[in-house]
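Chemist: Take a look at the following structure, please.
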Amino acid sequence: MSKDPNQEIPKWKQDFPIEQKEATHVSRREFAKFLTLLSGALAVGNTAIVVKSLAFPEKPLIGEHPICLESQVAEGESFQFEIEGSKTIPYLLINLGEGEWRAFEQKCTHLSCAVKYRHDIGQIECPCHKGYFNARTGDVIQGPPPRPLPQLEVVIREGQVFVKAQTV
């Protein structure tokens with residue numbers, strides 16, 4: 001079947017060519033237009049994130065929050081809890097023994113993986129990239145985390161465990 005040069009090609013065949021050569025060809029102009037539109041979309045997205053963070057800043061933790069009874073967390077064990085606020089944040093309460101308690105945000109400062117307390121080594125571990133934190137201070141001991149874990153102050157009153165924002 002031969003093509004008649006005078007016969008007009010239907011619009012759908014121009015938009016969806018069957019021949020492989022035509023389907024994979026992208027001109028420089030089309031490629032540049034695609035990159036420009038993609039760059040513009042990324043710029044708009046980043047601007048929206050900045051505007052949202054400036055217009056709706058995170059609210060600081062206010063007051064004391066009851067977590068559990070002192071007797072519910074054995075010495076050397078940890079307890080996971082969440083605090084509702086402008087967003088829900090997971091925390092880790094650790095009973096270090098001898099009346100020492102610590103509460104840290106349960107998200108690694110590297111890539112936000114969930115951290116866990118390891119009593120056998122006395123450290124907080126991020127299993128994703130083998131980051132380790134000091135269980136008493138939250139400071140980075142080893143691995144890729146760039147900064148210490150955010151910490152809450154723990155208050156024990158009448159057998160009840162409370163947490164509040166850390167005073168400086």
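Numbering starts fresh at 1 for the residues of each chain in the structure tokens, the chains themselves are lettered A, B, ... in the order given, and ligands are numbered from 1 as they appear.
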Using only C-alpha atoms, which protein or nucleic acid residues come within 12 Å of Gly122 (chain A)? Drop anything in the same chain fewer than 4 positions from it, and give the result as a list of chain:residue names.
Modeler: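 The residues that qualify are A:Glu75, A:Gly76, A:Glu77, A:Ser78, A:Ile94, A:Asn95, A:Leu96, A:Gly97, A:Lys116, A:Tyr117, A:Arg118, A:Tyr132, A:Phe133, A:Asn134, A:Ala135, A:Arg136, A:Thr137, A:Gly138, A:Ile141.
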Chemist: Can you list, as JSON, numbers by chain, every protein, DNA or RNA residue that comes within 10 Å of Leu149 (chain A) when you count only C-alpha atoms, leaving out same-chain residues fewer than 2 positions away?
Modeler: {"A": [103, 104, 105, 106, 107, 108, 109, 110, 115, 124, 133, 134, 135, 137, 138, 139, 140, 145, 146, 147, 151, 152]}
Chemist: Calculated over only C-alpha atoms, which of the candidates A:Cys128, A:Val161, A:Glu30, A:Thr167 has the smallest distance to Gln72 (chain A)?
Modeler: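 Closest residue, counting only C-alpha atoms: A:Val161.
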Chemist: Go ahead and compute the interatomic distance for CA of Thr88 (chain A) and CA of Leu111 (chain A), in Å to one decimal.
Modeler: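 Separation between CA of Thr88 (chain A) and CA of Leu111 (chain A): 17.5 Å.
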Chemist: Quick check, in Å to one decimal: how far apart do CA of Pro144 (chain A) and CA of His129 (chain A) lie?
Modeler: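 Atom-to-atom, CA of Pro144 (chain A) and CA of His129 (chain A) are spaced 7.2 Å apart.
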Chemist: Where in chain A does DSSP assign alpha helix (DSSP H), given as an MDAnalysis selection string?
Modeler: chainID A and resid 11:15 20:24 28:55
Chemist: Determine, counting only C-alpha atoms, which protein, DNA and RNA residues have an atom within 6 Å of an atom of Glu82 (chain A); residues of the same chain fewer than 5 positions away are not included. Present the result as an mmCIF file with N, CA, C and O atoms, in the first residue's frame.
Modeler:
data_model
loop_
_atom_site.group_PDB
_atom_site.id
_atom_site.type_symbol
_atom_site.label_atom_id
_atom_site.label_comp_id
_atom_site.auth_asym_id
_atom_site.auth_seq_id
_atom_site.Cartn_x
_atom_site.Cartn_y
_atom_site.Cartn_z
ATOM 1 N N ILE A 89 3.621 14.294 66.815
ATOM 2 C CA ILE A 89 5.047 13.959 66.847
ATOM 3 C C ILE A 89 5.259 12.739 67.736
ATOM 4 O O ILE A 89 4.814 12.737 68.887
ATOM 5 N N PRO A 90 5.936 11.706 67.221
ATOM 6 C CA PRO A 90 6.221 10.532 68.058
ATOM 7 C C PRO A 90 7.438 10.779 68.954
ATOM 8 O O PRO A 90 8.412 11.399 68.530
ATOM 9 N N TYR A 91 7.355 10.297 70.194
ATOM 10 C CA TYR A 91 8.445 10.439 71.157
ATOM 11 C C TYR A 91 8.775 9.091 71.773
ATOM 12 O O TYR A 91 7.996 8.143 71.690
#
Chemist: Could you check how far CA of Arg102 (chain A) sits from CA of Glu153 (chain A), in Å to one decimal?
Modeler: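 If I compute the distance from CA of Arg102 (chain A) to CA of Glu153 (chain A), I get 7.1 Å.
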